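Undergrad: Right, I'll just put the structure down here and ask away after.
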Amino acid sequence: MKAKIFNANDHQYQYQEELESYTGLRSEWIEEVAEKILTAFNQVTPNDAVCAAGFYSYLTGVRALRDVVCPKGWERLRENNLEITRNPENGVALLVSSGDINTGNKNKTPKTKNPKGEGTKKIVSQNSDGCHLWPEFDEKHTKEVSVGQYWYFLYCVDLNKKQMRTEISLPVGKDFFGSRIDDWKIRIIPPAIDFEPSVVITNPEFAETFDFEIRRKSNDGS
């Protein structure tokens, strides 16, 4: 499926307009969250565990997003072991995830960097099913199109280019193995953020919270 892309570098005004129309988010909110994620990533030292950059970035991303949007009426949710931030006005739910090197590149299709579980599979299926509900979806979009859909705040810290790229995207499919999201209906791409790494991290390992469930073992061994 070919995604509909709104890229800030091409049309700044249109990017801002579509971001708010589809999700209820504002461009300055996204910029603030992105800067906080990058700050967390950049605080890693050689004495941290190898996956620290990924953990710090993800945890900061979830908290920063809520710090920014919850005072404006958004709400925190935890469904199917997923950390979700939801706009009650239009039903749009937003999740945070690291993305691969193609994140924020309008000419490439990104994937989530880490495998996802059953909770993610359910919401991607729901998005995919929902795309049939509005025949005018490909021709015209309104705020109502996004009601009840799950979007992703994807981020990628590219050390080679010394650049952080993000996008707010609507997932509708996963790869052959069903572990990473790789198909998007809409991608809204903010401007990239250039930065100077405080520590040289070679090929950093990203790790973040997966949507899995821990069950206590019963006394009968089942």
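By order of appearance in the structure tokens: chains A, B, ..., then residues from 1 within every chain, and ligands from 1 in the order shown.
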What lies within 12 Å of A:Glu32 using only C-alpha atoms, ignoring chain neighbours under 2 positions off, as a PyMOL selection string?

TA: chain A and resi 25-30+34-39+60-61+63-69+166+190+193

Undergrad: If we count only C-alpha atoms, what is near A:Gly173 at a cut-off of 7 Å, once residues fewer than 2 positions away on the same chain are taken out, given as a PyMOL selection string?

TA: chain A and resi 124+171+175+181-184

Undergrad: Could you tell me, as a ChimeraX atom specification, which residues of stretch 66-204 of chain A DSSP assigns to alpha helix (DSSP H) when given the backbone?

TA: /A:66-69,118-130

Undergrad: Those residues you just picked out, can you put them in a file as a tab-separated table (two decimals), in the first residue's frame with C-alpha atoms?

TA:
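Just written: part-v2.tsv:
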```
chain	number	residue	atom	x	y	z
A	66	ARG	CA	1.96	12.69	28.08
A	67	ASP	CA	3.61	15.64	29.81
A	68	VAL	CA	2.88	17.74	26.73
A	69	VAL	CA	-0.61	16.60	25.67
A	118	GLU	CA	-0.18	-9.52	19.94
A	119	GLY	CA	-1.42	-6.18	21.28
A	120	THR	CA	0.14	-4.36	18.35
A	121	LYS	CA	-1.19	-6.97	15.92
A	122	LYS	CA	-4.72	-6.25	17.12
A	123	ILE	CA	-4.53	-2.50	16.69
A	124	VAL	CA	-2.91	-2.75	13.26
A	125	SER	CA	-5.71	-5.09	12.18
A	126	GLN	CA	-8.27	-2.67	13.54
A	127	ASN	CA	-6.72	0.19	11.55
A	128	SER	CA	-6.63	-1.92	8.41
A	129	ASP	CA	-10.26	-2.97	8.78
A	130	GLY	CA	-11.30	0.60	9.51
```

Undergrad: Please list as JSON, numbers by chain every residue within 6 Å of stretch 84-97 of chain A, counting only C-alpha atoms and excluding residues in the same chain fewer than 4 positions away.

TA: {"A": [74, 75, 76, 77, 78, 147, 148, 149, 150, 151, 152, 153, 154]}

Undergrad: DSSP says strand (DSSP E) for which residues of stretch 80-126 of chain A? Put them as a VMD selection string?

TA: chain A and resid 82 to 86 93 to 98

Undergrad: Could you save those same residues with all heavy atoms as an mmCIF file, in the first residue's frame?

TA:
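Result file follows (selection_34.cif):
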```cif
data_model
loop_
_atom_site.group_PDB
_atom_site.id
_atom_site.type_symbol
_atom_site.label_atom_id
_atom_site.label_comp_id
_atom_site.auth_asym_id
_atom_site.auth_seq_id
_atom_site.Cartn_x
_atom_site.Cartn_y
_atom_site.Cartn_z
ATOM 1 N N LEU A 82 -0.058 -2.228 26.243
ATOM 2 C CA LEU A 82 0.514 -1.137 25.464
ATOM 3 C C LEU A 82 0.303 0.190 26.186
ATOM 4 O O LEU A 82 -0.749 0.413 26.791
ATOM 5 C CB LEU A 82 -0.147 -1.060 24.084
ATOM 6 C CG LEU A 82 0.054 -2.257 23.153
ATOM 7 C CD1 LEU A 82 -0.867 -2.136 21.950
ATOM 8 C CD2 LEU A 82 1.501 -2.356 22.710
ATOM 9 N N GLU A 83 1.307 1.062 26.100
ATOM 10 C CA GLU A 83 1.200 2.402 26.664
ATOM 11 C C GLU A 83 0.631 3.329 25.589
ATOM 12 O O GLU A 83 1.280 3.574 24.568
ATOM 13 C CB GLU A 83 2.568 2.898 27.135
ATOM 14 C CG GLU A 83 3.138 2.126 28.312
ATOM 15 C CD GLU A 83 2.346 2.351 29.600
ATOM 16 O OE1 GLU A 83 1.648 3.385 29.707
ATOM 17 O OE2 GLU A 83 2.430 1.494 30.508
ATOM 18 N N ILE A 84 -0.566 3.813 25.817
ATOM 19 C CA ILE A 84 -1.300 4.577 24.815
ATOM 20 C C ILE A 84 -1.655 5.951 25.369
ATOM 21 O O ILE A 84 -1.967 6.089 26.557
ATOM 22 C CB ILE A 84 -2.588 3.830 24.414
ATOM 23 C CG1 ILE A 84 -2.225 2.471 23.782
ATOM 24 C CG2 ILE A 84 -3.444 4.656 23.464
ATOM 25 C CD1 ILE A 84 -3.405 1.543 23.616
ATOM 26 N N THR A 85 -1.598 6.947 24.536
ATOM 27 C CA THR A 85 -2.048 8.293 24.891
ATOM 28 C C THR A 85 -3.148 8.667 23.906
ATOM 29 O O THR A 85 -2.930 8.648 22.696
ATOM 30 C CB THR A 85 -0.888 9.301 24.828
ATOM 31 O OG1 THR A 85 0.212 8.797 25.608
ATOM 32 C CG2 THR A 85 -1.323 10.647 25.382
ATOM 33 N N ARG A 86 -4.331 9.008 24.416
ATOM 34 C CA ARG A 86 -5.516 9.109 23.572
ATOM 35 C C ARG A 86 -6.132 10.504 23.623
ATOM 36 O O ARG A 86 -6.188 11.138 24.677
ATOM 37 C CB ARG A 86 -6.560 8.076 24.020
ATOM 38 C CG ARG A 86 -7.861 8.083 23.233
ATOM 39 C CD ARG A 86 -8.768 6.975 23.726
ATOM 40 N NE ARG A 86 -10.066 7.007 23.046
ATOM 41 C CZ ARG A 86 -11.100 7.737 23.458
ATOM 42 N NH1 ARG A 86 -11.000 8.480 24.556
ATOM 43 N NH2 ARG A 86 -12.239 7.707 22.790
ATOM 44 N N ALA A 93 -5.634 7.440 19.094
ATOM 45 C CA ALA A 93 -4.724 6.916 20.113
ATOM 46 C C ALA A 93 -3.314 6.905 19.544
ATOM 47 O O ALA A 93 -3.103 6.537 18.383
ATOM 48 C CB ALA A 93 -5.152 5.512 20.521
ATOM 49 N N LEU A 94 -2.341 7.307 20.353
ATOM 50 C CA LEU A 94 -0.965 7.459 19.894
ATOM 51 C C LEU A 94 -0.035 6.598 20.734
ATOM 52 O O LEU A 94 -0.118 6.599 21.969
ATOM 53 C CB LEU A 94 -0.556 8.931 19.973
ATOM 54 C CG LEU A 94 0.745 9.354 19.301
ATOM 55 C CD1 LEU A 94 0.713 9.078 17.806
ATOM 56 C CD2 LEU A 94 0.984 10.843 19.541
ATOM 57 N N LEU A 95 0.835 5.837 20.059
ATOM 58 C CA LEU A 95 1.859 5.038 20.715
ATOM 59 C C LEU A 95 3.226 5.541 20.289
ATOM 60 O O LEU A 95 3.376 6.107 19.196
ATOM 61 C CB LEU A 95 1.724 3.557 20.347
ATOM 62 C CG LEU A 95 0.423 2.873 20.765
ATOM 63 C CD1 LEU A 95 -0.597 2.918 19.636
ATOM 64 C CD2 LEU A 95 0.691 1.425 21.146
ATOM 65 N N VAL A 96 4.216 5.321 21.126
ATOM 66 C CA VAL A 96 5.586 5.748 20.843
ATOM 67 C C VAL A 96 6.430 4.523 20.527
ATOM 68 O O VAL A 96 6.330 3.499 21.203
ATOM 69 C CB VAL A 96 6.177 6.496 22.051
ATOM 70 C CG1 VAL A 96 7.649 6.857 21.791
ATOM 71 C CG2 VAL A 96 5.368 7.748 22.368
ATOM 72 N N SER A 97 7.259 4.617 19.493
ATOM 73 C CA SER A 97 8.143 3.506 19.150
ATOM 74 C C SER A 97 9.362 4.021 18.403
ATOM 75 O O SER A 97 9.277 4.956 17.614
ATOM 76 C CB SER A 97 7.416 2.485 18.268
ATOM 77 O OG SER A 97 8.306 1.453 17.849
ATOM 78 N N SER A 98 10.505 3.370 18.632
ATOM 79 C CA SER A 98 11.661 3.641 17.784
ATOM 80 C C SER A 98 11.388 3.056 16.406
ATOM 81 O O SER A 98 10.689 2.051 16.248
ATOM 82 C CB SER A 98 12.923 3.012 18.386
ATOM 83 O OG SER A 98 12.748 1.620 18.574
#
```
